[in-house]
Structures are given as structure tokens and as C-alpha cells.
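**Q** Structure file coords_0.cif (mmCIF, C-alpha atoms) right here:
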data_model
loop_
_atom_site.label_atom_id
_atom_site.label_comp_id
_atom_site.auth_asym_id
_atom_site.auth_seq_id
_atom_site.Cartn_x
_atom_site.Cartn_y
_atom_site.Cartn_z
CA MET A 1 -38.32 27.51 -73.76
CA VAL A 2 -40.06 25.78 -70.89
CA ALA A 3 -37.83 23.96 -68.43
CA ARG A 4 -38.91 20.38 -67.93
CA ARG A 5 -39.83 19.60 -64.35
CA ARG A 6 -37.48 16.91 -63.11
CA SER A 7 -39.06 13.83 -61.62
CA ILE A 8 -38.09 12.34 -58.27
CA GLY A 9 -36.38 9.55 -60.21
CA ASP A 10 -34.30 12.07 -62.18
CA LEU A 11 -33.30 13.87 -59.01
CA LEU A 12 -32.33 10.63 -57.28
CA ALA A 13 -30.32 9.53 -60.31
CA GLY A 14 -28.26 12.71 -60.05
CA HIS A 15 -27.52 12.24 -56.36
CA PRO A 16 -24.19 10.61 -55.43
CA PHE A 17 -25.83 8.25 -52.94
CA PHE A 18 -27.77 6.55 -55.73
CA ALA A 19 -24.95 6.57 -58.29
CA ASP A 20 -24.93 3.51 -60.57
CA LEU A 21 -28.26 2.22 -59.29
CA PRO A 22 -30.26 0.60 -62.14
CA ASP A 23 -33.19 2.64 -63.50
CA ARG A 24 -35.63 0.01 -62.34
CA ASP A 25 -34.42 0.32 -58.73
CA LEU A 26 -34.45 4.11 -58.94
CA GLU A 27 -38.04 3.95 -60.11
CA LEU A 28 -38.99 1.72 -57.21
CA ILE A 29 -37.33 4.04 -54.71
CA ALA A 30 -38.74 7.17 -56.33
CA GLY A 31 -42.21 5.72 -55.79
CA CYS A 32 -41.66 6.21 -52.04
CA GLY A 33 -40.37 9.78 -52.35
CA ARG A 34 -41.59 13.34 -52.35
CA ASN A 35 -39.93 16.73 -52.57
CA GLU A 36 -39.60 18.73 -49.38
CA VAL A 37 -38.38 22.23 -48.61
CA PHE A 38 -37.42 23.24 -45.06
CA ARG A 39 -37.06 26.82 -43.93
CA PRO A 40 -33.97 27.97 -41.99
CA GLY A 41 -34.37 26.89 -38.38
CA GLN A 42 -37.18 24.44 -39.13
CA LEU A 43 -37.06 21.19 -37.19
CA LEU A 44 -37.09 18.10 -39.41
CA PHE A 45 -37.45 15.71 -36.51
CA ARG A 46 -36.75 15.44 -32.83
CA GLU A 47 -35.01 12.74 -30.78
CA GLY A 48 -37.56 10.05 -29.88
CA ASP A 49 -39.86 10.73 -32.84
CA PRO A 50 -40.77 7.77 -35.07
CA ALA A 51 -38.19 7.44 -37.84
CA ASP A 52 -40.50 6.78 -40.77
CA TRP A 53 -38.57 8.86 -43.31
CA PHE A 54 -35.08 9.64 -44.42
CA TYR A 55 -33.83 12.55 -46.47
CA VAL A 56 -31.68 12.88 -49.55
CA ILE A 57 -30.23 16.38 -49.36
CA ARG A 58 -30.13 18.30 -52.63
CA ARG A 59 -29.44 21.84 -51.39
CA GLY A 60 -28.83 23.49 -48.02
CA ARG A 61 -27.40 22.16 -44.78
CA ILE A 62 -28.88 20.36 -41.80
CA ALA A 63 -27.54 20.32 -38.23
CA LEU A 64 -27.79 17.21 -36.09
CA GLY A 65 -28.03 17.99 -32.41
CA ILE A 66 -28.42 16.39 -29.05
CA GLY A 67 -30.12 17.92 -26.04
CA VAL A 68 -27.80 18.22 -23.06
CA PRO A 69 -29.43 18.84 -19.66
CA GLY A 70 -28.47 22.17 -18.15
CA ARG A 71 -26.96 23.67 -21.28
CA GLU A 72 -27.78 24.55 -24.85
CA ASP A 73 -28.22 21.75 -27.33
CA LEU A 74 -24.96 20.55 -28.82
CA ILE A 75 -24.55 20.35 -32.60
CA ILE A 76 -22.54 17.24 -33.31
CA ASP A 77 -22.68 17.05 -37.09
CA THR A 78 -23.81 18.93 -40.16
CA LEU A 79 -24.86 17.42 -43.45
CA GLY A 80 -25.10 19.05 -46.84
CA PRO A 81 -25.74 18.51 -50.54
CA GLY A 82 -24.82 15.04 -51.73
CA GLU A 83 -25.39 13.50 -48.31
CA VAL A 84 -28.19 11.44 -46.81
CA LEU A 85 -29.82 12.10 -43.46
CA GLY A 86 -31.10 9.22 -41.40
CA TRP A 87 -30.71 5.49 -41.14
CA SER A 88 -32.98 4.88 -38.14
CA TRP A 89 -35.82 4.04 -40.57
CA LEU A 90 -33.83 0.93 -41.49
CA PHE A 91 -33.29 -0.53 -38.03
CA PRO A 92 -35.78 -1.29 -35.23
CA PRO A 93 -37.13 0.37 -33.17
CA HIS A 94 -37.25 3.00 -35.98
CA VAL A 95 -36.87 5.98 -33.67
CA TRP A 96 -34.69 9.07 -34.22
CA THR A 97 -31.73 9.27 -31.88
CA MET A 98 -31.10 13.01 -32.32
CA ASP A 99 -32.65 16.25 -33.50
CA ALA A 100 -32.30 17.57 -37.04
CA ARG A 101 -32.77 21.22 -37.92
CA ALA A 102 -32.35 23.12 -41.18
CA LEU A 103 -29.49 25.62 -41.02
CA ASP A 104 -30.58 27.34 -44.20
CA THR A 105 -33.20 26.66 -46.85
CA VAL A 106 -33.01 22.93 -47.47
CA HIS A 107 -34.27 21.17 -50.57
CA ALA A 108 -34.49 17.44 -50.01
CA ILE A 109 -36.23 14.36 -51.22
CA ALA A 110 -38.01 12.67 -48.34
CA LEU A 111 -38.25 8.92 -48.73
CA ASP A 112 -40.87 6.95 -46.87
CA GLY A 113 -39.02 4.31 -44.86
CA VAL A 114 -42.08 2.11 -44.32
CA CYS A 115 -42.80 2.06 -48.04
CA LEU A 116 -39.15 1.38 -48.85
CA ARG A 117 -38.77 -1.36 -46.24
CA GLY A 118 -41.72 -3.11 -47.86
CA LYS A 119 -40.12 -2.91 -51.30
CA CYS A 120 -36.78 -4.15 -49.93
CA ASP A 121 -38.50 -7.12 -48.29
CA GLU A 122 -40.11 -7.99 -51.62
CA ASP A 123 -36.92 -7.41 -53.60
CA PRO A 124 -33.83 -8.54 -51.65
CA VAL A 125 -31.49 -7.40 -54.44
CA LEU A 126 -32.75 -3.86 -54.02
CA GLY A 127 -32.59 -4.29 -50.25
CA TYR A 128 -28.98 -5.48 -50.38
CA SER A 129 -27.98 -2.63 -52.66
CA LEU A 130 -29.50 -0.04 -50.35
CA ALA A 131 -28.14 -1.72 -47.22
CA ARG A 132 -24.62 -1.61 -48.71
CA ARG A 133 -24.95 2.08 -49.40
CA PHE A 134 -26.13 2.81 -45.89
CA ALA A 135 -23.36 0.61 -44.48
CA GLY A 136 -20.91 2.86 -46.33
CA ILE A 137 -22.38 5.92 -44.64
CA LEU A 138 -22.31 4.20 -41.25
CA SER A 139 -18.69 3.22 -41.77
CA ASP A 140 -17.66 6.77 -42.72
CA ARG A 141 -19.47 8.33 -39.79
CA LEU A 142 -18.10 5.77 -37.36
CA ALA A 143 -14.57 6.58 -38.54
CA ALA A 144 -15.27 10.30 -38.14
CA THR A 145 -16.72 9.74 -34.67
CA ARG A 146 -13.66 7.75 -33.61
CA LEU A 147 -11.43 10.54 -34.84
CA ARG A 148 -13.37 13.07 -32.81
CA LEU A 149 -13.30 10.84 -29.73
CA LEU A 150 -9.52 11.26 -29.79
CA ASP A 151 -10.08 14.99 -29.26
CA VAL A 152 -6.91 15.62 -31.24
CA TYR A 153 -7.04 19.41 -30.88
CA ARG A 154 -6.94 19.29 -27.09
CA ALA A 155 -3.99 21.15 -25.58
CA GLN A 156 -1.22 18.85 -24.41
CA SER A 157 1.13 20.07 -21.74
CA ARG A 158 4.65 20.79 -23.03
CA GLY A 159 7.25 23.57 -23.19
CA MET B 1 23.53 30.60 -32.58
CA THR B 2 22.93 33.30 -30.04
CA PRO B 3 19.37 34.59 -29.75
CA LEU B 4 18.90 38.08 -31.15
CA PRO B 5 17.02 40.55 -28.98
CA TYR B 6 13.48 41.32 -30.14
CA ARG B 7 10.64 43.34 -28.67
CA VAL B 8 6.89 42.70 -28.65
CA THR B 9 5.11 45.46 -30.53
CA ALA B 10 1.56 44.11 -30.42
CA LYS B 11 -0.33 41.20 -28.97
CA ARG B 12 -3.67 39.68 -30.00
CA ARG B 13 -5.71 37.03 -28.28
CA GLU B 14 -6.76 34.44 -30.86
CA THR B 15 -8.48 31.93 -28.55
CA PRO B 16 -8.70 31.59 -24.76
CA ASP B 17 -5.20 30.04 -24.60
CA THR B 18 -3.56 31.25 -27.81
CA TRP B 19 -1.94 34.60 -28.59
CA THR B 20 -0.28 36.15 -31.60
CA LEU B 21 2.78 38.29 -30.92
CA ASP B 22 4.12 40.89 -33.35
CA LEU B 23 7.88 41.23 -32.95
CA GLU B 24 10.47 43.77 -34.06
CA PRO B 25 14.23 43.47 -33.75
CA VAL B 26 15.92 45.64 -31.17
CA SER B 27 18.90 45.96 -33.51
CA GLU B 28 19.82 43.24 -36.02
CA PRO B 29 16.95 41.11 -37.43
CA ILE B 30 17.08 37.39 -38.10
CA ALA B 31 17.16 36.32 -41.75
CA THR B 32 13.75 36.51 -43.39
CA PRO B 33 11.91 33.23 -42.77
CA ARG B 34 10.18 31.29 -45.53
CA PRO B 35 6.65 29.91 -45.13
CA GLY B 36 6.73 26.79 -42.97
CA GLN B 37 9.93 27.59 -41.09
CA PHE B 38 10.18 28.09 -37.35
CA THR B 39 12.27 30.07 -34.90
CA MET B 40 13.40 29.40 -31.35
CA LEU B 41 11.77 31.92 -29.03
CA TYR B 42 13.56 32.55 -25.76
CA ALA B 43 11.58 33.78 -22.76
CA PHE B 44 14.29 35.25 -20.53
CA GLY B 45 14.82 33.24 -17.39
CA ARG B 46 12.32 30.55 -18.45
CA GLY B 47 13.65 28.82 -21.52
CA GLU B 48 13.44 28.43 -25.26
CA ILE B 49 10.89 26.67 -27.47
CA PRO B 50 10.35 26.25 -31.22
CA ILE B 51 7.45 28.25 -32.62
CA SER B 52 6.37 28.32 -36.24
CA VAL B 53 6.39 31.65 -37.98
CA SER B 54 2.77 32.67 -38.56
CA GLY B 55 3.47 35.95 -40.33
CA LEU B 56 6.47 36.91 -42.43
CA PRO B 57 8.18 40.26 -41.88
CA GLY B 58 8.45 42.69 -44.76
CA ASP B 59 6.59 45.56 -46.43
CA GLY B 60 5.90 47.03 -43.04
CA ALA B 61 4.59 43.78 -41.59
CA PRO B 62 6.20 42.47 -38.41
CA LEU B 63 7.53 39.00 -37.68
CA ARG B 64 4.56 37.12 -36.19
CA HIS B 65 4.27 34.06 -34.03
CA THR B 66 1.10 32.44 -32.74
CA ILE B 67 1.66 30.68 -29.43
CA ARG B 68 -0.56 28.36 -27.44
CA ALA B 69 0.05 28.50 -23.71
CA VAL B 70 0.54 24.85 -22.85
CA GLY B 71 3.67 24.85 -20.71
CA ASN B 72 6.15 26.84 -18.71
CA VAL B 73 7.88 28.67 -21.58
CA SER B 74 4.86 29.10 -23.83
CA GLU B 75 2.91 30.57 -20.89
CA ALA B 76 5.75 33.01 -20.25
CA LEU B 77 5.75 34.04 -23.92
CA CYS B 78 1.98 34.49 -23.90
CA ASP B 79 2.31 36.65 -20.79
CA LEU B 80 4.61 39.10 -22.59
CA ALA B 81 3.18 42.56 -23.16
CA PRO B 82 3.98 45.16 -25.84
CA GLY B 83 7.40 46.58 -25.08
CA ASP B 84 8.68 43.41 -23.40
CA GLY B 85 11.79 41.73 -24.74
CA LEU B 86 12.57 38.18 -25.81
CA GLY B 87 15.24 36.35 -27.77
CA VAL B 88 14.82 34.95 -31.29
CA ARG B 89 17.01 32.40 -33.08
CA GLY B 90 16.49 31.21 -36.58
CA PRO B 91 14.81 30.79 -38.93
CA PHE B 92 15.18 27.02 -39.05
CA GLY B 93 13.93 24.07 -40.99
CA THR B 94 12.42 23.33 -44.34
CA CYS B 95 9.59 25.30 -45.93
CA TRP B 96 6.40 24.51 -47.83
CA GLY B 97 7.04 23.61 -51.46
CA LEU B 98 5.36 26.69 -52.87
CA ASP B 99 7.75 27.01 -55.80
CA GLY B 100 7.15 23.43 -56.88
CA ALA B 101 3.41 23.96 -56.50
CA GLU B 102 3.29 26.76 -59.07
CA GLY B 103 0.92 25.97 -61.90
CA ARG B 104 -0.86 23.34 -59.84
CA ASP B 105 -4.00 23.32 -57.69
CA VAL B 106 -3.21 23.84 -54.02
CA VAL B 107 -5.11 22.34 -51.11
CA ILE B 108 -4.24 23.40 -47.60
CA MET B 109 -5.58 21.41 -44.66
CA ALA B 110 -5.07 22.77 -41.17
CA GLY B 111 -6.17 21.53 -37.78
CA GLY B 112 -6.18 23.65 -34.63
CA ILE B 113 -2.94 25.55 -34.06
CA GLY B 114 -1.68 23.93 -37.29
CA LEU B 115 -3.16 26.86 -39.18
CA ALA B 116 -0.36 29.09 -37.83
CA PRO B 117 2.55 27.69 -39.90
CA LEU B 118 0.27 27.48 -42.93
CA ARG B 119 -0.84 31.10 -42.80
CA PRO B 120 2.30 32.42 -44.55
CA ALA B 121 1.78 29.80 -47.27
CA ILE B 122 -1.85 30.86 -47.71
CA GLU B 123 -0.81 34.51 -47.90
CA HIS B 124 1.89 33.65 -50.43
CA VAL B 125 -0.58 31.87 -52.73
CA LEU B 126 -3.07 34.72 -52.44
CA VAL B 127 -0.42 37.33 -53.26
CA HIS B 128 0.80 35.27 -56.24
CA ARG B 129 -2.65 34.02 -57.14
CA ASP B 130 -2.04 33.87 -60.90
CA SER B 131 0.82 31.44 -60.38
CA TYR B 132 -1.44 28.71 -58.99
CA GLY B 133 -4.51 26.78 -60.08
CA ARG B 134 -7.56 26.23 -57.92
CA PHE B 135 -6.95 27.00 -54.27
CA ALA B 136 -8.76 25.53 -51.28
CA VAL B 137 -8.18 26.05 -47.57
CA LEU B 138 -9.77 23.49 -45.24
CA VAL B 139 -9.69 24.21 -41.52
CA GLY B 140 -10.80 22.12 -38.55
CA CYS B 141 -10.78 22.89 -34.87
CA ARG B 142 -12.43 21.84 -31.63
CA THR B 143 -15.15 24.49 -31.21
CA PRO B 144 -15.94 27.84 -32.85
CA GLY B 145 -14.16 29.56 -29.96
CA ASP B 146 -10.95 27.71 -30.83
CA LEU B 147 -10.81 29.01 -34.40
CA LEU B 148 -7.60 30.92 -35.20
CA TYR B 149 -7.61 34.04 -37.36
CA ALA B 150 -11.39 34.08 -37.64
CA GLY B 151 -11.45 37.58 -39.16
CA GLN B 152 -8.81 36.69 -41.73
CA LEU B 153 -10.61 33.47 -42.66
CA GLU B 154 -13.74 35.53 -43.26
CA SER B 155 -11.90 37.95 -45.52
CA TRP B 156 -10.28 35.10 -47.47
CA ARG B 157 -13.67 33.50 -47.86
CA GLY B 158 -14.96 36.75 -49.32
CA ARG B 159 -12.62 36.38 -52.30
CA PHE B 160 -13.79 34.63 -55.44
CA ASP B 161 -10.51 32.86 -56.08
CA VAL B 162 -10.18 30.71 -52.99
CA GLU B 163 -12.49 28.18 -51.39
CA VAL B 164 -12.36 28.37 -47.61
CA GLU B 165 -14.14 25.68 -45.59
CA VAL B 166 -14.20 25.54 -41.81
CA THR B 167 -15.54 22.79 -39.59
CA VAL B 168 -15.56 22.25 -35.84
CA ASP B 169 -15.85 19.09 -33.77
CA SER B 170 -18.90 20.34 -31.89
CA ALA B 171 -20.80 23.60 -31.50
CA ASP B 172 -23.62 25.38 -29.75
CA PRO B 173 -26.70 26.30 -31.80
CA GLY B 174 -25.33 29.80 -32.47
CA TRP B 175 -22.79 28.35 -34.91
CA HIS B 176 -24.03 28.26 -38.48
CA GLY B 177 -20.97 26.67 -40.00
CA ASP B 178 -20.08 23.03 -40.48
CA VAL B 179 -19.68 20.49 -37.72
CA GLY B 180 -17.62 17.38 -38.35
CA VAL B 181 -14.05 16.27 -38.81
CA VAL B 182 -11.84 18.22 -41.20
CA THR B 183 -11.57 15.25 -43.56
CA SER B 184 -15.33 15.50 -44.13
CA LEU B 185 -14.60 18.69 -46.08
CA LEU B 186 -12.49 16.90 -48.67
CA PRO B 187 -15.32 15.57 -50.87
CA ARG B 188 -16.37 19.17 -51.54
CA ILE B 189 -13.23 20.08 -53.40
CA PRO B 190 -12.33 18.86 -56.85
CA VAL B 191 -9.09 16.88 -56.90
CA ASP B 192 -6.99 16.40 -60.01
CA PRO B 193 -4.39 13.92 -58.74
CA ASP B 194 -1.97 14.77 -61.55
CA ASN B 195 -1.97 18.47 -60.85
CA ILE B 196 -2.17 19.12 -57.15
CA ALA B 197 -0.04 20.10 -54.18
CA VAL B 198 -1.40 19.35 -50.70
CA MET B 199 -0.03 20.98 -47.54
CA MET B 200 -1.13 19.77 -44.13
CA CYS B 201 -0.43 20.78 -40.58
CA GLY B 202 -2.22 19.76 -37.42
CA PRO B 203 -2.35 16.92 -34.94
CA GLU B 204 -0.56 13.90 -36.36
CA VAL B 205 -3.69 11.75 -36.24
CA MET B 206 -5.57 14.35 -38.26
CA MET B 207 -2.79 14.47 -40.84
CA ARG B 208 -2.75 10.67 -41.09
CA PHE B 209 -6.48 10.57 -41.80
CA GLY B 210 -6.26 13.56 -44.15
CA ALA B 211 -3.34 12.11 -46.07
CA ARG B 212 -5.06 8.74 -46.34
CA ALA B 213 -8.16 10.42 -47.79
CA MET B 214 -6.06 12.27 -50.37
CA VAL B 215 -4.14 9.12 -51.31
CA GLU B 216 -7.48 7.33 -51.75
CA ARG B 217 -8.39 10.04 -54.25
CA GLY B 218 -5.28 9.25 -56.24
CA VAL B 219 -2.88 11.92 -54.96
CA ALA B 220 0.73 10.74 -54.88
CA GLU B 221 2.47 10.81 -51.49
CA VAL B 222 5.21 12.98 -52.93
CA ASP B 223 2.60 15.68 -53.62
CA ILE B 224 1.40 15.74 -50.01
CA GLU B 225 3.50 17.75 -47.56
CA VAL B 226 3.07 17.50 -43.82
CA SER B 227 4.56 19.61 -41.07
CA THR B 228 5.75 17.39 -38.25
CA GLU B 229 6.49 18.20 -34.66
CA ARG B 230 8.75 16.66 -32.07
CA ASN B 231 10.62 17.90 -29.02
CA MET B 232 13.02 20.36 -30.70
CA LYS B 233 15.81 21.82 -28.58
CA CYS B 234 18.95 22.86 -30.48
CA ALA B 235 17.17 23.45 -33.82
CA ILE B 236 20.33 22.60 -35.80
CA GLY B 237 20.30 18.82 -35.83
CA HIS B 238 22.87 18.20 -33.10
CA CYS B 239 21.10 17.33 -29.87
CA GLY B 240 18.87 14.54 -31.21
CA HIS B 241 15.81 15.45 -29.15
CA CYS B 242 13.62 15.71 -32.23
CA GLN B 243 14.82 12.57 -33.96
CA LEU B 244 12.21 10.70 -35.99
CA GLY B 245 13.90 7.52 -37.19
CA PRO B 246 16.73 8.70 -39.47
CA LYS B 247 15.39 12.27 -39.60
CA PHE B 248 15.95 15.26 -37.40
CA ILE B 249 12.73 17.26 -37.48
CA CYS B 250 14.47 20.56 -36.79
CA ALA B 251 16.99 20.28 -39.62
CA ASP B 252 15.46 17.84 -42.13
CA GLY B 253 11.92 19.12 -41.45
CA PRO B 254 9.55 20.23 -40.11
CA VAL B 255 7.98 20.12 -43.59
CA PHE B 256 8.37 16.77 -45.32
CA PRO B 257 6.77 15.10 -48.31
CA LEU B 258 4.57 12.31 -47.01
CA SER B 259 6.64 9.90 -49.10
CA GLN B 260 9.57 10.53 -46.74
CA VAL B 261 7.87 10.37 -43.36
CA GLY B 262 4.60 8.49 -43.88
CA PRO B 263 6.00 5.12 -42.76
CA LEU B 264 7.83 6.75 -39.82
CA LEU B 265 4.67 8.44 -38.54
CA ALA B 266 3.01 5.04 -38.41
CA VAL B 267 5.67 3.66 -36.04
CA ARG B 268 4.21 3.85 -32.55
CA SER B 269 7.40 4.25 -30.57
CA LEU B 270 8.84 7.10 -32.63
#
For the file at hand, write its structure as C-alpha cells.

**A**
Amino acid sequence: MVARRRSIGDLLAGHPFFADLPDRDLELIAGCGRNEVFRPGQLLFREGDPADWFYVIRRGRIALGIGVPGREDLIIDTLGPGEVLGWSWLFPPHVWTMDARALDTVHAIALDGVCLRGKCDEDPVLGYSLARRFAGILSDRLAATRLRLLDVYRAQSRG
Amino acid sequence: MTPLPYRVTAKRRETPDTWTLDLEPVSEPIATPRPGQFTMLYAFGRGEIPISVSGLPGDGAPLRHTIRAVGNVSEALCDLAPGDGLGVRGPFGTCWGLDGAEGRDVVIMAGGIGLAPLRPAIEHVLVHRDSYGRFAVLVGCRTPGDLLYAGQLESWRGRFDVEVEVTVDSADPGWHGDVGVVTSLLPRIPVDPDNIAVMMCGPEVMMRFGARAMVERGVAEVDIEVSTERNMKCAIGHCGHCQLGPKFICADGPVFPLSQVGPLLAVRSL
């Protein structure tokens, strides 16, 4: 029996980020996508690079890091299967604000932000649907960042 | 409630400011603690503080406490060497609802030093593995260097019958694990709201966020236990130092169902 090769649309349909998106929208989005595989340690992008793509992670994990003068880079987040990497493609000036590096072998669908922005401009319903999904990610990560700002594990003087 | 004399038999550094002490009674032992309970440890000439039991005595194992040096007494306890003496009172307080959790999935969420009082519960579930459903241990801490019981976490992770996930708030590139808040680990584990017991210990803010995330996934507050902490002194509910609204943490707690203390934890002045 020969396994059927799954299309980008099939893969997107099975990803939580695109859950419940109509087939027509999935098809439109899939038209801007391609499969990518990153080796362990491979840099996906660096802070300051143009943010023309974003990544739908299928397998493997990606570390987000920031360069800190005088010390090793600091990893501030990791993302894995079921998550989406990158929203800078959506907002001007479309530049990455941190580095992303594969921690292990990463299978992802790369989506062309320029292509997708064009389709969203032509189809505001699709644009709104995608913007809502990215707003959800932004909200979750903002909440997580606030929690970390509290530095709750820091030792507090007591008995 | 006189402290019983104990002796340090071994000492391990867990993190730069945290030590685990193995203790043996000089003569009479305290009653055997249950997972989640605490004792009052007395550093002679310095004072007494509540410390959760991080390892139960029995079958050749010593009574264990993991102590973070954050004050006068805890620093004195962490300075003890094998052979040194200290006083132990207890055990005190409520324990994790491990009996009630039998037959159900168990999720343990620990933050920082909060893993210490949960370790006996984890060990209990692993020893009685057939009595429980799916088992997940989620651990968060500040940096990889602040991770408690790293070797033990690795060996638990090597088993096929427990899911162990660890995340840190930030890390250097040498760390290949997860980075993010401990609640970010929750989506990875399956949750059957009708058949689950959740046990949490860590900074109160972490537990609030963790509990909220579990409630959003349909888990009832009565099925979420949290271990609370206040300024415990007498440990028997008399002095009032550890009062949280109508509760005394030392006697009514430290382990409570969220349904009992959730609203109290949200009151800023308590």
C-alpha cells in the first residue's frame, strides 16, 4: 500500500492553529506555504532580518533567543508541535525581533507573509480570521511574559 | 510538643542556595509523615521553621528535608554537616489526597522549591503505579541551575508510565529543554475533567495561574489541591501567625482543595 503524500492544506487542517478554518481559507493559505525541515542547531532567522515568513511547527522544537552583550545569548522561549512561530510578518516594519534556532530536527510549514498579507488585503474575512488567531497567541504570550516578569521563583528573605 | 533530637546523616547540594538533609533520630523518631506534611526543624540557638518533608522515612530511607537558605534559621540548617544535631517536631498538617486520587489520572505541577513537598507524592504514585491512571509531572523553575532533583527527574522521565515535563524561565544556549512558564506545559497533557486529581505547589502566583488554566479545561476546583504557605510558628493552630481568613495553614492545611482556599488566595491583604 502506498501512503498518500499529504498536501500543505491537509497538514494545515490538522494543525491546532488552523482548527475550524473553512476549506476555502485553508486552500488560500496553503497556496503561500511550503514544507521546511531544519537541522538541530540550524538558525531559522536572526534578529533584524526581514520577517517575510512565519512557521507552523509540526515536529521538533525551536528556541527563541536574544543576544546579550558580554554574555551568551539568552533563550527566552521554546516552541514546539502545535505552535506557530512568528507574527512580525503581520506588523510593520516586518523585521524579526529575536533569533530562532532549531533545538532538534524541526518539520514546519513555512508560510510566505508577503503572499498572505496580499490575500488578507483582498479578503478581509480571511484577514480577520487570521488576525484573531494571532491575537490569541499574542495574548497568551503576553500573559506568560507578565508571569515571568514577576520572577516568582526568586528567593524571598524569611526564617 | 518538644522537639525530638535528630542527627544529619547526609547532605546534598541541590542548587546554589538549596540543600537536602537526610536525618535520623538520635533515639525516638517522630511519627511517620504522610506526603504533603511538614515538620518544624529547630536549629539549636537560632530558631525553628516549618519545612516540608521531601522524603519519607522507611525501608532504609531516611527522613528528608530540602531547605532553601533564605533567612537566619534556614541558613543555619543549611550549614549543618553530617553528624550535627537538630530538633524535629511533627509531622503536622494535611496531606495530598492520594487515596482519593486512586483510579484517576494524576497531574502534579511544581514550581521552584515547591517540588520538595510533592516529591513524596510522586514517589507514592510511582510505587503504586497500577492504582492510578495517566500520570504527569510538570516542573517549572527559574533557570536550569535552579532545578531540584535533576537526577531523579531524569530517571522518572526514563520510565514509560509517567510524563515528566520541565521548563525554565530563561536559559543559556547549553540548555536543550523547554523555556517558558510552567503553565505552558499544560496543553501537552490530556485532561479528562471527570477523572483527574491535580496537585500543585509553588509560588502562589504560579498556582493561581495553573489552577485557572486547569479550571478553564473543565477541572472542578475540588479536584485541584494546592499547598499553601504562611508564617507558621506553633504548627498546632494556636498562635495564629499562619491564619488565612478562617483557616490556620498549619493545622487546616497546608494542603487544601482549591474550592476551600481559592477565594482566600485572591484577597490581597491575607

**Q** Kindly give the distance, in Å, that separates CA of Met199 in chain B and CA of Gly93 in chain B, rounded to a single decimal.

**A**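 Rounded to one decimal, the two atoms are 15.7 Å apart.
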
**Q** Scan for residues within 12 Å of the point (12.0, 27.4, -45.6) in the coordinates of the file, using all atoms listed in the file, and reply as a PyMOL selection string.

**A** chain B and resi 31-39+52-53+56+90-99+117+120-121+227+250-256

**Q** Smallest atom-to-atom distance to Phe38 in chain A: which of A:Asp112, A:Asp104, A:Asp140, A:Glu122, using only C-alpha atoms?

**A**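 Ranking A:Asp112, A:Asp104, A:Asp140, A:Glu122 by distance to Phe38 in chain A, first place goes to A:Asp104.
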
**Q** Pick out the chain B residues within 8 Å of chain A. Count only C-alpha atoms. Give them as a ChimeraX atom specification.

**A** /B:49,70-74,111-112,141-142,169-173,176,178-181,184,203,205-206

**Q** Of the residues B:Ile51, B:Ala235, B:Leu21, B:Leu265, which is the one nearest to Pro82 in chain B, using all atoms listed in the file?

**A** B:Leu21

**Q** Record the distance separating CA of Gly31 in chain A and CA of Arg46 in chain A, expressed in Å with one decimal.

**A** 25.5 Å

**Q** To one decimal place in Å, what is the distance between CA of Glu102 in chain B and CA of Gly60 in chain B?

**A**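 Separation of CA of Glu102 in chain B and CA of Gly60 in chain B: 26.0 Å.
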
**Q** Please put the answer as JSON: centre and edge lengths, in Å with one decimal, of a box along x, y and z that encloses all listed atoms of range 65-72 of chain B plus 4 Å on each side.

**A**
{"center_x": 2.8, "center_y": 29.5, "center_z": -26.4, "size_x": 14.7, "size_y": 17.2, "size_z": 23.3}

**Q** Identify all residues satisfying the PyMOL selection byres ((chain A and resi 126-139) around 9) in the given file; provide them as a list of chain:residue names.

**A**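 The output of the PyMOL selection byres ((chain A and resi 126-139) around 9) on this file is A:Phe17, A:Phe18, A:Leu21, A:Asp25, A:Leu28, A:Glu83, A:Val84, A:Trp87, A:Leu90, A:Leu116, A:Arg117, A:Lys119, A:Cys120, A:Asp121, A:Glu122, A:Asp123, A:Pro124, A:Val125, A:Asp140, A:Arg141, A:Leu142, A:Ala143, A:Ala144.
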
**Q** For the PyMOL selection byres ((chain B and resi 153-159) around 12), applied here, can you spell out every residue it catches as a short mmCIF file (atom, residue, chain, number, x, y, z; two decimals) with C-alpha atoms, in the frame of the given file?

**A**
data_model
loop_
_atom_site.label_atom_id
_atom_site.label_comp_id
_atom_site.auth_asym_id
_atom_site.auth_seq_id
_atom_site.Cartn_x
_atom_site.Cartn_y
_atom_site.Cartn_z
CA LEU B 115 -3.16 26.86 -39.18
CA ARG B 119 -0.84 31.10 -42.80
CA ILE B 122 -1.85 30.86 -47.71
CA GLU B 123 -0.81 34.51 -47.90
CA VAL B 125 -0.58 31.87 -52.73
CA LEU B 126 -3.07 34.72 -52.44
CA VAL B 127 -0.42 37.33 -53.26
CA ARG B 129 -2.65 34.02 -57.14
CA PHE B 135 -6.95 27.00 -54.27
CA ALA B 136 -8.76 25.53 -51.28
CA VAL B 137 -8.18 26.05 -47.57
CA LEU B 138 -9.77 23.49 -45.24
CA VAL B 139 -9.69 24.21 -41.52
CA LEU B 147 -10.81 29.01 -34.40
CA LEU B 148 -7.60 30.92 -35.20
CA TYR B 149 -7.61 34.04 -37.36
CA ALA B 150 -11.39 34.08 -37.64
CA GLY B 151 -11.45 37.58 -39.16
CA GLN B 152 -8.81 36.69 -41.73
CA PHE B 160 -13.79 34.63 -55.44
CA ASP B 161 -10.51 32.86 -56.08
CA VAL B 162 -10.18 30.71 -52.99
CA GLU B 163 -12.49 28.18 -51.39
CA VAL B 164 -12.36 28.37 -47.61
CA GLU B 165 -14.14 25.68 -45.59
CA VAL B 166 -14.20 25.54 -41.81
CA GLY B 177 -20.97 26.67 -40.00
#

**Q** Determine the residue set returned by the PyMOL selection byres ((chain B and resi 106) around 8) for the present structure, and present it as a list of chain:residue names.

**A** B:Ala101, B:Arg104, B:Asp105, B:Val107, B:Ile108, B:Tyr132, B:Gly133, B:Arg134, B:Phe135, B:Ala136, B:Ile196, B:Ala197, B:Val198, B:Met199

**Q** Name the residues within 7 Å of (-31.1, 13.0, -29.8), counting all atoms listed in the file in the file's coordinates, and put them as a ChimeraX atom specification.

**A** /A:46-47,65-67,96-99

**Q** Okay, now the selection with C-alpha atoms, as an mmCIF file, keeping the file's coordinate frame?

**A**
data_model
loop_
_atom_site.group_PDB
_atom_site.id
_atom_site.type_symbol
_atom_site.label_atom_id
_atom_site.label_comp_id
_atom_site.auth_asym_id
_atom_site.auth_seq_id
_atom_site.Cartn_x
_atom_site.Cartn_y
_atom_site.Cartn_z
ATOM 1 C CA ARG A 46 -36.750 15.440 -32.830
ATOM 2 C CA GLU A 47 -35.010 12.740 -30.780
ATOM 3 C CA GLY A 65 -28.030 17.990 -32.410
ATOM 4 C CA ILE A 66 -28.420 16.390 -29.050
ATOM 5 C CA GLY A 67 -30.120 17.920 -26.040
ATOM 6 C CA TRP A 96 -34.690 9.070 -34.220
ATOM 7 C CA THR A 97 -31.730 9.270 -31.880
ATOM 8 C CA MET A 98 -31.100 13.010 -32.320
ATOM 9 C CA ASP A 99 -32.650 16.250 -33.500
#

**Q** I want to know what sits within 9 Å of Phe209 in chain B, based on only C-alpha atoms, with residues of the same chain fewer than 5 positions away left out; could you give that as a ChimeraX atom specification?

**A** /A:147 /B:183,204,214

**Q** Could you tell me which of A:Val95, A:Ala100, A:Leu111, A:Leu26 comes closest to Tyr55 in chain A if we count all atoms listed in the file?

**A**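 Closest to Tyr55 in chain A of all the choices is A:Leu111.
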